[in-house]
Structure formats: structure tokens, C-alpha cells
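Dropping query-v8.txt in here (compact mmCIF, C-alpha atoms):
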```txt
# COMPACT_ATOMS: atom_id res chain seq x y z
CA MET Y 973 113.68 110.28 136.20
CA GLU Y 974 116.25 107.57 135.60
CA THR Y 975 119.88 108.21 134.74
CA ASP Y 976 122.10 106.44 132.24
CA GLY Y 977 125.08 106.08 134.55
CA LYS Y 978 126.56 109.43 133.54
CA ASN Y 979 124.20 111.60 135.59
CA LEU Y 980 122.09 112.39 132.54
CA ARG Y 981 118.35 112.32 133.13
CA ARG Y 982 116.15 110.38 130.78
CA GLY Y 983 112.93 111.93 129.58
CA TRP Y 984 109.65 111.07 127.89
CA THR Y 985 108.77 111.04 124.21
CA THR Y 986 106.00 113.08 122.66
CA GLY Y 987 104.20 109.76 122.19
CA THR Y 988 104.25 109.03 125.92
CA CYS Y 989 103.02 112.53 126.74
CA ALA Y 990 100.23 112.25 124.16
CA ALA Y 991 99.13 108.87 125.55
CA ALA Y 992 99.07 110.15 129.13
CA ALA Y 993 97.17 113.30 128.14
CA THR Y 994 94.68 111.17 126.22
CA LYS Y 995 94.08 108.91 129.20
CA ALA Y 996 93.44 111.91 131.46
CA ALA Y 997 91.05 113.46 128.94
CA CYS Y 998 89.23 110.15 128.58
CA GLN Y 999 88.79 109.85 132.33
CA ALA Y 1000 87.44 113.40 132.53
CA LEU Y 1001 85.02 112.80 129.66
CA LEU Y 1002 83.64 109.68 131.34
CA THR Y 1003 83.71 110.68 135.01
CA GLY Y 1004 83.55 114.47 134.91
CA SER Y 1005 86.88 115.00 136.70
CA PHE Y 1006 90.55 114.98 135.78
CA PRO Y 1007 93.03 112.83 137.74
CA ASP Y 1008 95.67 114.45 139.91
CA LEU Y 1009 98.22 112.07 138.42
CA VAL Y 1010 97.86 110.00 135.27
CA ASP Y 1011 99.98 106.95 134.55
CA VAL Y 1012 100.50 105.24 131.22
CA GLU Y 1013 102.08 101.94 130.24
CA LEU Y 1014 105.26 102.03 128.16
CA PRO Y 1015 106.22 99.29 125.70
CA ASN Y 1016 108.60 97.82 128.32
CA GLY Y 1017 105.74 97.49 130.84
CA SER Y 1018 106.78 100.33 133.17
CA ARG Y 1019 104.21 102.93 134.18
CA PRO Y 1020 105.44 106.51 134.67
CA ALA Y 1021 102.97 109.04 136.09
CA PHE Y 1022 102.46 112.64 135.01
CA VAL Y 1023 100.97 115.81 136.41
CA LEU Y 1024 98.60 117.63 134.08
CA ALA Y 1025 99.57 121.09 132.86
CA THR Y 1026 96.18 121.96 131.32
CA GLU Y 1027 92.61 120.76 131.86
CA GLU Y 1028 89.47 121.78 129.97
CA LYS Y 1029 85.97 120.34 129.58
CA GLY Y 1030 83.32 121.49 127.19
CA ASP Y 1031 80.26 120.35 125.30
CA GLY Y 1032 81.11 116.80 124.19
CA PHE Y 1033 84.88 117.04 124.67
CA ALA Y 1034 87.63 116.96 127.25
CA ARG Y 1035 91.19 118.22 126.80
CA ALA Y 1036 94.30 117.55 128.87
CA GLY Y 1037 97.88 118.67 128.40
CA ILE Y 1038 101.30 117.55 129.61
CA VAL Y 1039 104.57 119.47 129.34
CA LYS Y 1040 107.21 117.26 127.80
CA ASP Y 1041 110.34 116.70 129.85
CA ALA Y 1042 113.12 115.37 127.60
CA GLY Y 1043 115.49 114.99 130.54
CA ASP Y 1044 118.99 116.10 129.64
CA ASP Y 1045 118.57 115.49 125.92
CA PRO Y 1046 118.85 118.63 123.72
CA ASP Y 1047 115.46 117.89 122.19
CA VAL Y 1048 113.65 120.72 120.39
CA THR Y 1049 110.39 119.54 121.96
CA HIS Y 1050 111.67 119.79 125.54
CA GLY Y 1051 109.16 121.94 127.40
CA ALA Y 1052 106.53 121.69 124.67
CA LEU Y 1053 102.90 121.39 125.71
CA ILE Y 1054 101.37 118.19 124.29
CA GLU Y 1055 97.56 118.24 124.42
CA SER Y 1056 94.96 115.63 123.63
CA THR Y 1057 91.31 116.44 122.94
CA LEU Y 1058 88.79 113.59 123.06
CA ARG Y 1059 85.35 113.72 121.47
CA ARG Y 1060 82.72 111.00 121.47
CA THR Y 1061 81.89 109.42 118.12
CA GLU Y 1062 79.22 107.04 116.88
CA THR Y 1063 78.96 103.53 118.28
CA GLY Y 1064 81.08 101.15 116.26
CA SER Y 1065 83.32 103.85 114.83
CA GLY Y 1066 86.27 102.91 117.05
CA ILE Y 1067 89.20 105.25 117.63
CA SER Y 1068 90.22 107.81 115.01
CA PHE Y 1069 93.17 110.20 115.03
CA LYS Y 1070 93.26 113.85 114.06
CA ALA Y 1071 96.14 116.32 113.78
CA GLY Y 1072 95.49 119.37 115.91
CA LYS Y 1073 97.38 122.64 115.74
CA GLY Y 1074 101.13 122.03 115.71
CA VAL Y 1075 100.97 118.39 114.58
CA GLY Y 1076 101.95 117.64 111.00
CA ILE Y 1077 100.27 115.78 108.16
CA VAL Y 1078 102.06 113.19 106.03
CA THR Y 1079 102.23 114.33 102.38
CA ARG Y 1080 104.80 111.92 100.90
CA PRO Y 1081 104.92 108.13 100.69
CA GLY Y 1082 107.67 106.10 102.33
CA LEU Y 1083 106.87 106.75 105.98
CA PRO Y 1084 105.13 104.19 108.23
CA LEU Y 1085 101.94 106.25 107.85
CA SER Y 1086 99.77 106.77 104.79
CA VAL Y 1087 99.68 110.07 102.92
CA GLY Y 1088 97.05 112.33 104.47
CA GLU Y 1089 97.39 110.81 107.94
CA PRO Y 1090 98.29 112.87 111.00
CA ALA Y 1091 101.97 112.41 111.89
CA ILE Y 1092 101.27 110.31 114.96
CA ASN Y 1093 103.60 107.34 114.63
CA PRO Y 1094 102.53 103.69 115.07
CA VAL Y 1095 103.88 103.06 118.59
CA PRO Y 1096 102.37 106.29 120.01
CA ARG Y 1097 99.07 105.28 118.39
CA GLN Y 1098 99.26 101.89 120.09
CA MET Y 1099 100.02 103.55 123.43
CA ILE Y 1100 97.11 105.97 123.00
CA LEU Y 1101 94.74 103.12 122.15
CA ALA Y 1102 95.89 101.12 125.18
CA ALA Y 1103 95.43 104.18 127.43
CA ILE Y 1104 91.85 104.68 126.19
CA HIS Y 1105 91.00 101.00 126.56
CA GLU Y 1106 92.20 101.03 130.17
CA VAL Y 1107 89.62 103.70 130.98
CA ALA Y 1108 86.77 103.10 128.53
CA GLY Y 1109 87.13 99.46 127.50
CA ALA Y 1110 87.94 97.80 124.19
CA ASP Y 1111 84.76 99.02 122.46
CA ALA Y 1112 85.41 102.71 123.03
CA ASN Y 1113 84.51 105.20 120.30
CA PHE Y 1114 86.41 108.48 120.26
CA GLU Y 1115 88.13 110.96 118.02
CA VAL Y 1116 91.60 111.73 119.40
CA GLU Y 1117 93.06 115.09 118.40
CA ILE Y 1118 96.70 115.64 119.37
CA SER Y 1119 98.17 119.14 119.29
CA VAL Y 1120 101.50 120.71 120.24
CA ARG Y 1121 101.71 124.33 121.27
CA ASP Y 1122 104.06 126.20 118.88
CA GLY Y 1123 104.55 122.94 117.00
CA GLU Y 1124 104.71 124.66 113.61
CA THR Y 1125 107.66 126.76 114.77
CA LEU Y 1126 109.40 123.84 116.47
CA ALA Y 1127 109.02 121.71 113.34
CA GLU Y 1128 111.20 124.15 111.42
CA LYS Y 1129 114.13 122.85 113.52
CA THR Y 1130 113.48 119.24 112.51
CA LEU Y 1131 113.67 117.20 109.30
CA ASN Y 1132 109.88 117.06 108.96
CA GLY Y 1133 109.78 119.38 105.97
CA ARG Y 1134 112.29 117.25 104.10
CA LEU Y 1135 110.29 114.13 104.91
CA GLY Y 1136 107.09 115.70 103.62
CA ILE Y 1137 105.44 116.21 107.01
CA VAL Y 1138 103.80 119.63 106.86
CA GLY Y 1139 102.08 121.80 109.42
CA GLY Y 1140 103.90 120.76 112.55
CA LEU Y 1141 105.73 118.12 114.51
CA SER Y 1142 105.51 114.35 114.54
CA ILE Y 1143 104.36 112.47 117.63
CA LEU Y 1144 107.21 110.02 118.03
CA GLY Y 1145 108.71 107.30 120.17
CA THR Y 1146 109.35 103.57 119.98
CA THR Y 1147 110.16 102.96 123.65
CA GLY Y 1148 108.38 105.92 125.23
CA ILE Y 1149 111.64 107.03 126.81
CA VAL Y 1150 114.09 109.70 125.63
CA ILE Y 1151 117.68 108.62 126.20
CA PRO Y 1152 119.97 111.67 126.26
CA PHE Y 1153 122.09 112.04 123.15
CA SER Y 1154 120.68 108.79 121.78
CA CYS Y 1155 122.20 107.51 118.54
CA SER Y 1156 119.11 105.44 117.74
CA ALA Y 1157 116.87 108.47 117.23
CA TRP Y 1158 119.25 109.90 114.62
CA ILE Y 1159 119.69 106.52 112.93
CA HIS Y 1160 115.92 106.15 112.62
CA SER Y 1161 115.66 109.61 111.03
CA ILE Y 1162 118.29 108.53 108.48
CA TRP Y 1163 116.26 105.44 107.65
CA ARG Y 1164 113.04 107.42 107.22
CA GLY Y 1165 114.81 109.87 104.90
CA ILE Y 1166 115.96 106.96 102.74
CA ASP Y 1167 112.47 105.45 102.76
CA VAL Y 1168 110.90 108.69 101.56
CA ALA Y 1169 113.51 109.16 98.82
CA ARG Y 1170 113.00 105.60 97.59
CA ALA Y 1171 109.23 106.00 97.60
CA GLU Y 1172 109.64 109.07 95.39
CA GLY Y 1173 111.77 107.05 92.98
CA LEU Y 1174 114.95 109.06 93.46
CA SER Y 1175 118.00 107.38 91.95
CA HIS Y 1176 120.77 109.43 93.60
CA LEU Y 1177 121.04 110.16 97.33
CA LEU Y 1178 123.65 112.23 99.14
CA GLY Y 1179 124.53 111.65 102.77
CA ALA Y 1180 126.46 114.46 104.41
CA THR Y 1181 128.26 114.74 107.73
CA GLY Y 1182 127.26 118.38 108.25
CA ASN Y 1183 125.44 121.39 106.92
CA ALA Y 1184 128.35 122.86 104.94
CA SER Y 1185 129.14 119.62 103.13
CA GLU Y 1186 125.44 119.00 102.49
CA LYS Y 1187 124.97 122.38 100.83
CA ALA Y 1188 128.17 122.01 98.83
CA GLY Y 1189 127.29 118.48 97.73
CA GLN Y 1190 123.76 119.46 96.77
CA ALA Y 1191 125.07 122.32 94.65
CA PHE Y 1192 127.76 120.13 93.09
CA TYR Y 1193 125.21 117.63 91.78
CA GLY Y 1194 122.07 119.79 91.64
CA LEU Y 1195 120.09 117.41 93.83
CA PRO Y 1196 116.59 118.04 95.23
CA GLU Y 1197 116.18 118.41 98.97
CA THR Y 1198 114.52 115.00 99.31
CA ALA Y 1199 117.73 113.38 98.02
CA LEU Y 1200 119.71 114.75 100.98
CA ILE Y 1201 120.24 112.46 103.96
CA ASP Y 1202 121.40 114.14 107.16
CA MET Y 1203 123.57 111.22 108.27
CA GLY Y 1204 125.77 113.28 110.59
CA ASP Y 1205 128.50 111.07 112.02
CA PHE Y 1206 126.63 107.84 111.30
CA ILE Y 1207 128.06 106.95 107.90
CA GLY Y 1208 127.85 103.24 108.65
CA GLY Y 1209 124.24 103.54 109.79
CA MET Y 1210 123.26 105.06 106.45
CA LEU Y 1211 125.27 102.67 104.28
CA LYS Y 1212 124.11 99.53 106.08
CA TYR Y 1213 120.47 100.54 105.63
CA LEU Y 1214 121.09 101.28 101.94
CA LYS Y 1215 122.61 97.82 101.58
CA SER Y 1216 119.19 96.30 102.24
CA HIS Y 1217 117.20 99.26 100.83
CA PRO Y 1218 119.21 100.13 97.72
CA VAL Y 1219 119.18 103.06 95.35
CA PRO Y 1220 121.22 103.20 92.13
CA ARG Y 1221 123.68 105.78 93.42
CA VAL Y 1222 124.83 107.23 96.73
CA THR Y 1223 127.31 110.00 97.48
CA VAL Y 1224 129.04 110.38 100.84
CA ALA Y 1225 130.07 113.99 101.44
CA GLY Y 1226 131.95 115.44 104.37
CA GLY Y 1227 134.56 117.79 105.68
CA VAL Y 1228 138.26 117.00 105.59
CA ALA Y 1229 138.44 115.75 109.21
CA LYS Y 1230 135.41 113.45 109.00
CA MET Y 1231 136.47 112.05 105.63
CA THR Y 1232 139.97 111.46 106.96
CA LYS Y 1233 138.45 109.35 109.72
CA LEU Y 1234 136.43 107.45 107.13
CA ALA Y 1235 139.62 106.94 105.13
CA GLN Y 1236 141.16 105.45 108.27
CA GLY Y 1237 138.38 102.89 108.61
CA MET Y 1238 135.90 104.63 110.94
CA LEU Y 1239 132.23 104.35 109.95
CA ASP Y 1240 131.13 106.36 113.01
CA VAL Y 1241 133.11 109.57 112.78
CA HIS Y 1242 131.97 111.32 115.97
CA SER Y 1243 134.81 112.89 117.94
CA LYS Y 1244 134.09 110.67 120.96
CA ARG Y 1245 134.85 107.61 118.82
CA GLY Y 1246 138.39 108.85 118.31
CA LEU Y 1247 140.41 111.53 116.61
CA ALA Y 1248 141.81 111.44 113.12
CA ASP Y 1249 145.22 109.78 113.10
CA LEU Y 1250 147.69 112.44 111.95
CA GLU Y 1251 150.44 109.85 111.64
CA ALA Y 1252 148.27 107.91 109.21
CA LEU Y 1253 147.43 111.15 107.40
CA ALA Y 1254 151.13 111.85 107.06
CA LYS Y 1255 151.57 108.40 105.51
CA LEU Y 1256 148.92 109.27 102.92
CA ALA Y 1257 150.76 112.51 102.21
CA GLU Y 1258 153.98 110.55 101.82
CA ASP Y 1259 152.28 108.29 99.26
CA ALA Y 1260 151.28 111.46 97.40
CA GLY Y 1261 154.89 112.66 97.29
CA ALA Y 1262 155.25 114.88 100.37
CA THR Y 1263 158.74 115.80 101.55
CA SER Y 1264 160.06 114.62 104.91
CA GLU Y 1265 159.80 118.18 106.24
CA LEU Y 1266 156.12 118.37 105.32
CA LEU Y 1267 155.48 114.95 106.85
CA THR Y 1268 156.98 116.10 110.15
CA THR Y 1269 154.84 119.23 110.11
CA ILE Y 1270 151.65 117.23 109.41
CA ARG Y 1271 152.43 114.84 112.27
CA ASN Y 1272 152.85 117.76 114.66
CA THR Y 1273 149.85 119.81 113.61
CA ASN Y 1274 146.76 119.67 115.79
CA MET Y 1275 144.08 119.93 113.09
CA VAL Y 1276 143.36 117.95 109.94
CA ALA Y 1277 142.22 121.14 108.20
CA HIS Y 1278 145.63 122.69 108.82
CA ALA Y 1279 147.35 119.58 107.45
CA PHE Y 1280 145.29 119.89 104.28
CA GLN Y 1281 146.27 123.54 103.93
CA LEU Y 1282 149.96 122.70 104.33
CA ALA Y 1283 149.73 119.89 101.79
CA GLU Y 1284 147.91 122.08 99.30
CA ALA Y 1285 150.50 124.84 99.65
CA ALA Y 1286 153.17 122.25 98.85
CA GLY Y 1287 151.28 121.00 95.79
CA ILE Y 1288 150.28 117.69 97.41
CA ASP Y 1289 146.78 116.49 96.48
CA LEU Y 1290 145.91 115.05 99.89
CA GLY Y 1291 142.17 115.39 99.35
CA HIS Y 1292 142.18 113.05 96.39
CA ILE Y 1293 143.94 110.21 98.18
CA VAL Y 1294 141.75 110.68 101.28
CA ALA Y 1295 138.68 110.41 99.06
CA GLN Y 1296 139.99 107.17 97.54
CA LYS Y 1297 140.71 105.61 100.93
CA ALA Y 1298 137.34 106.80 102.28
CA TRP Y 1299 135.66 105.12 99.32
CA VAL Y 1300 137.27 101.80 100.21
CA THR Y 1301 135.90 101.96 103.79
CA ALA Y 1302 132.42 103.00 102.66
CA ALA Y 1303 132.30 100.45 99.86
CA ALA Y 1304 133.09 97.63 102.28
CA ALA Y 1305 129.98 98.57 104.30
CA LEU Y 1306 127.81 98.87 101.18
CA GLY Y 1307 129.16 96.03 99.05
CA ARG Y 1308 126.61 95.91 96.21
CA ASP Y 1309 127.26 95.86 92.50
CA ASP Y 1310 123.98 97.68 91.83
CA ILE Y 1311 124.86 100.74 93.93
CA ALA Y 1312 127.39 103.23 92.57
CA LEU Y 1313 129.27 104.99 95.36
CA ASP Y 1314 131.29 108.19 95.27
CA ILE Y 1315 132.98 110.43 97.81
CA LEU Y 1316 133.16 114.23 98.03
CA VAL Y 1317 135.61 115.94 100.42
CA PHE Y 1318 135.04 119.63 101.23
CA ASP Y 1319 136.76 122.17 103.41
CA ARG Y 1320 134.78 124.22 105.91
CA ASP Y 1321 134.02 126.85 103.26
CA GLY Y 1322 132.48 124.29 100.91
CA ASN Y 1323 135.45 124.12 98.53
CA LEU Y 1324 135.93 120.71 96.93
CA LYS Y 1325 139.21 119.11 98.04
CA GLY Y 1326 138.84 115.55 96.82
CA ARG Y 1327 136.44 113.20 95.06
CA THR Y 1328 136.04 109.83 93.43
CA ALA Y 1329 133.92 108.88 90.47
CA PRO Y 1330 130.73 106.88 91.10
CA THR Y 1331 131.83 103.24 91.09
CA PRO Y 1332 129.94 100.02 91.91
CA SER Y 1333 130.59 99.44 95.59
CA ASN Y 1334 131.65 95.80 95.26
CA ARG Y 1335 134.78 96.76 93.33
CA ALA Y 1336 138.20 96.81 94.90
CA ALA Y 1337 138.91 100.49 94.24
CA PRO Y 1338 137.17 103.57 92.87
CA ILE Y 1339 137.75 105.05 89.48
CA SER Y 1340 140.14 108.00 89.80
CA GLU Y 1341 138.81 111.49 89.20
CA GLY Y 1342 142.27 113.01 89.17
CA PRO Y 1343 143.58 116.01 91.11
CA ILE Y 1344 141.33 118.84 92.23
CA GLY Y 1345 142.04 122.30 90.92
```
Represent the structure of the file as C-alpha cells.
Amino acid sequence: METDGKNLRRGWTTGTCAAAATKAACQALLTGSFPDLVDVELPNGSRPAFVLATEEKGDGFARAGIVKDAGDDPDVTHGALIESTLRRTETGSGISFKAGKGVGIVTRPGLPLSVGEPAINPVPRQMILAAIHEVAGADANFEVEISVRDGETLAEKTLNGRLGIVGGLSILGTTGIVIPFSCSAWIHSIWRGIDVARAEGLSHLLGATGNASEKAGQAFYGLPETALIDMGDFIGGMLKYLKSHPVPRVTVAGGVAKMTKLAQGMLDVHSKRGLADLEALAKLAEDAGATSELLTTIRNTNMVAHAFQLAEAAGIDLGHIVAQKAWVTAAAALGRDDIALDILVFDRDGNLKGRTAPTPSNRAAPISEGPIG
């Protein structure tokens, strides 16, 4: 395995494992024996090799399996058994794909696959086709059935249900390689969530930084699950995609610390990008009428949540001004007169601490919603 310079091992996508398993099964079906090692070409031209975890031949089929190694990424599919079963089909039928046990079926429009198709994404399909053609030639005719052991259970830990992929996992990967703690994988899931919501004609989406703010925001507006975008820390990633894939209205919801960062100009609010500036937060409190004593206390506190509690006890509506400033940052990234933007700020218990009214995102400032409480 390669490392990324921080001693973190890279791994292989489910798509790479499926392609390698397919190649091994194809070789066994044509020659009668499985390879000791099977290599497969990645989109970048490299050729990793894999040891088979399972081998089985029967009447008209061959099946091979590979255990996915996601490296040091906390991937729910790390250690999953990816199997490919090949069956011969009629001459001229080409290559068809089938979802085996643990692989989902697409049930909603908006994804890069048609409704009713097995959730085997385009790049993994291309890799599987290339693997078969290496062994059997360009005129090969097979049915390829991909399965994932315990895939139905693993899928419950993913966004597949929200995206309308039922029955199991998706076979994924655009590079074939899993980069530990990759931002791109999360960004792509945000984009697919927006695509599905747009395809369903939803007019109001809510992107949340975490589970508590998502639940609170959903309840606040009574939104369906498909309107919820799990943007995490990637507020900018969601808004920039919406700029070119618009919906009439978008709400950004988050906890007090994340929204304070947004108010201070950060579109990526992960802790590794920087901490909330308590001096700047104190300045906002000063604008809201805080006393000098309270300002000193806010500057010296070590948590944004505590600063909010202190301000609230003193009758200072810090949440409202944070929401307004957060709106300005988000609106600059969105910048469309046909998208109304609003902000919701919640504490860790899901209590609303600040909000703005939905306002076209090319305006200079949001419409005030007034104090909370």
C-alpha cells in the first residue's frame, strides 16, 4: 500500500475489488482455474494485484471474492467481502450487470444510473468491462453479478437509503484508490444528494453540519428526508454545487461553533482548518450590546458554546448576529438571485439560537428575523 506522507495507508475501492474479482472469475470460467494473484488496471494506469479470498466454480458459472482493504480510512466497507459471479450469456448479448445480495438497486432519478439499475457506478463498470476484455476479448458475453457479504447491514450506515438506493451498498470509486479521510468522497456524496433532490423536484433543501442540527432543522421546517443534505464541514462544497445546480431555496443549519466559523468567513468549518476566533466573537457580542466584563469573559472562555451561554444569560442575542454574519459568508459563495438562502443556528440540544429569513443570495444582507426567544 502507498502512504500519503502522513503514514496513512491508502486502500482500494469497492469498484477496484469488484473488477479484480470479476477478472479472476472470468479466467476461471475460461481456463478452469483461478489465478493465485489477479491484477487490474486503475484509471491512472497502475495495476495493483490481489489475493482471492473465495473461489467457486459450478455449472456455467465461476465466482471469486476479494476482501476490501480500505487502508487507514474509517470506511464502513473495510473488510467487506466483494464477490463477482460470471455466467455465460448468448452470443451478441455483451456484458450485463446484476445486483447480487448486498448490492443496492437505484429507485430514484438523479444518480448517474437509471432507475432499476444495480448500484454499480460508471467507473467501476468501466473497470469491470476492461478486466473482462483483457481475459476474454472485446466480444465477450457474460452476466456479471456483484455481491457484498452483509451489504444490507453495512448500507444502513451510509446515505444510500436517502439517495433511494435500496437493498444494499453501492459499488463505488472514481480513481480505484481510497485516500484516507478523503474530502472528495464526502463532496461527491453531497453532490449526489443534491442531484436526487432536484430530480424529485424538491424546492427547499437543508444542509446541516451534523446530526443534531439536521434533525432540528428538519423538524423546524417539516422537510422530507430527501431534502436533507449531509454537508458536514463542507459548506462551501455544497453551496458552490448549488450555484450551478440551483434549487429555489436552501437552508444552512449548524451548531453554534460551526456557524460562528461560517460567520467569520470559513466555508470549510472542520477543526483542522482552524478554531473559531473568540476575539471576533467578542466583537460580535460588543455590537449586540455586551458589557466590557462579558467581553473579557468571552475572550477567555475556551468554548463557543460556553460563550453563547454567557451571552444568553446576560440578555445578549449572540445567535442572531452570528446567523446574519454567517448568511453573508454563505451568500457570497452562492450569489444567485433565484436562490433564497437562510441560516439556522442550534445548540447541541437542538434549541434554536439564531436564524435569518430566506433572502435571495445576491443581496447585501439578509432580512432580519429578530431575536430568538
Item to check | Between atom CA of Thr1181 of chain Y and atom CA of Gly1139 of chain Y, distance in Å (one decimal) | outcome: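 A separation of 27.2 Å between them.
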Item to check | Distance query segment 982-989 of chain Y at most 8 Å, all atoms listed in the file, self and fewer than 5 positions along chain excluded, as an NGL selection string | outcome: :Y and (973-976 or 1012 or 1014 or 1038-1045 or 1049 or 1054 or 1092-1093 or 1095-1097 or 1099 or 1143-1145 or 1148-1152)
Next on the checklist: Using all atoms listed in the file, can you tell me which of Y:Thr1232, Y:Ser1264, Y:Asn1323, Y:Thr1130 comes closest to Ala1286 of chain Y?
Outcome noted: Y:Ser1264
Checklist entry - Which neighbours of Thr1125 of chain Y fall inside 12 Å, counting all atoms listed in the file, when residues of the same chain fewer than 3 positions from it are skipped, and could you give them as a list of chain:residue names? => result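 So, after excluding close chain neighbours, the residues are Y:Val1048, Y:Thr1049, Y:Ala1052, Y:Lys1073, Y:Gly1074, Y:Val1075, Y:Gly1076, Y:Val1120, Y:Arg1121, Y:Asp1122, Y:Glu1128, Y:Lys1129, Y:Thr1130, Y:Asn1132, Y:Gly1133, Y:Val1138, Y:Gly1139, Y:Gly1140, Y:Leu1141.
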Starting from 8 Å padding per side, set up an axis-aligned box that covers all listed atoms of segment 1210-1224 of chain Y and hand over centre and edge lengths in Å, one decimal, as JSON.
```
{"center_x": 123.1, "center_y": 103.3, "center_z": 99.3, "size_x": 27.8, "size_y": 30.1, "size_z": 30.3}
```
Checklist entry - Separation of atom CA of Pro1007 of chain Y and atom CA of Ser1065 of chain Y, in Å? => result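 Separating atom CA of Pro1007 of chain Y from atom CA of Ser1065 of chain Y is a distance of 26.5 Å.
Counting all atoms listed in the file, the residue from Y:Phe1069, Y:Asp1011, Y:His1050, Y:Glu1284 that sits nearest to Val1107 of chain Y is Y:Asp1011.
Our summary of the geometry notes that atom CA of Glu1089 of chain Y is positioned 22.2 Å from atom CA of Cys998 of chain Y.
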Next on the checklist: With 10 Å as the threshold, what does the neighbourhood of (144.9, 107.7, 100.0) contain in terms of residues, counting all atoms listed in the file? Coordinates are those of the file; answer as number ranges by chain.
Outcome noted: Y: 1232, 1235-1236, 1252-1253, 1255-1260, 1289-1300
Next on the checklist: Residues near Arg1059 of chain Y, anyone? I mean within 8 Å using all atoms listed in the file, not counting same-chain ones fewer than 3 positions away, as number ranges by chain.
Outcome noted: Y: 1032-1034, 1114-1116
Item to check | Counting all atoms listed in the file, the option among Y:Thr1147, Y:Thr1079, Y:Asn1113, Y:Gln1190 closest to Gln1098 of chain Y | outcome: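 Of all the options, Y:Thr1147 lies closest to Gln1098 of chain Y.
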Item to check | segment 1225-1231 of chain Y environment, 8 Å, all atoms listed in the file, sequence neighbours closer than 4 positions dropped, as a ChimeraX atom specification | outcome: /Y:1178-1182,1185-1186,1189,1205,1235,1241,1248,1276-1277,1280,1291,1294-1295,1298,1315-1320,1325
So which residues touch Pro1090 of chain Y within 7 Å, counting all atoms listed in the file, skipping near sequence neighbours fewer than 5 positions away, as a CSV table (one decimal) with C-alpha atoms, in the coordinates of the input?
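Once everything was written out, this is around30.csv:
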```csv
chain,number,residue,atom,x,y,z
Y,1070,LYS,CA,93.3,113.8,114.1
Y,1071,ALA,CA,96.1,116.3,113.8
Y,1076,GLY,CA,102.0,117.6,111.0
Y,1077,ILE,CA,100.3,115.8,108.2
Y,1078,VAL,CA,102.1,113.2,106.0
```
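Using all atoms listed in the file for every distance, the candidate list Y:Ala1188, Y:Glu1117, Y:Ile1162, Y:Ile1067 yields Y:Ala1188 as the residue closest to Gly1322 of chain Y.
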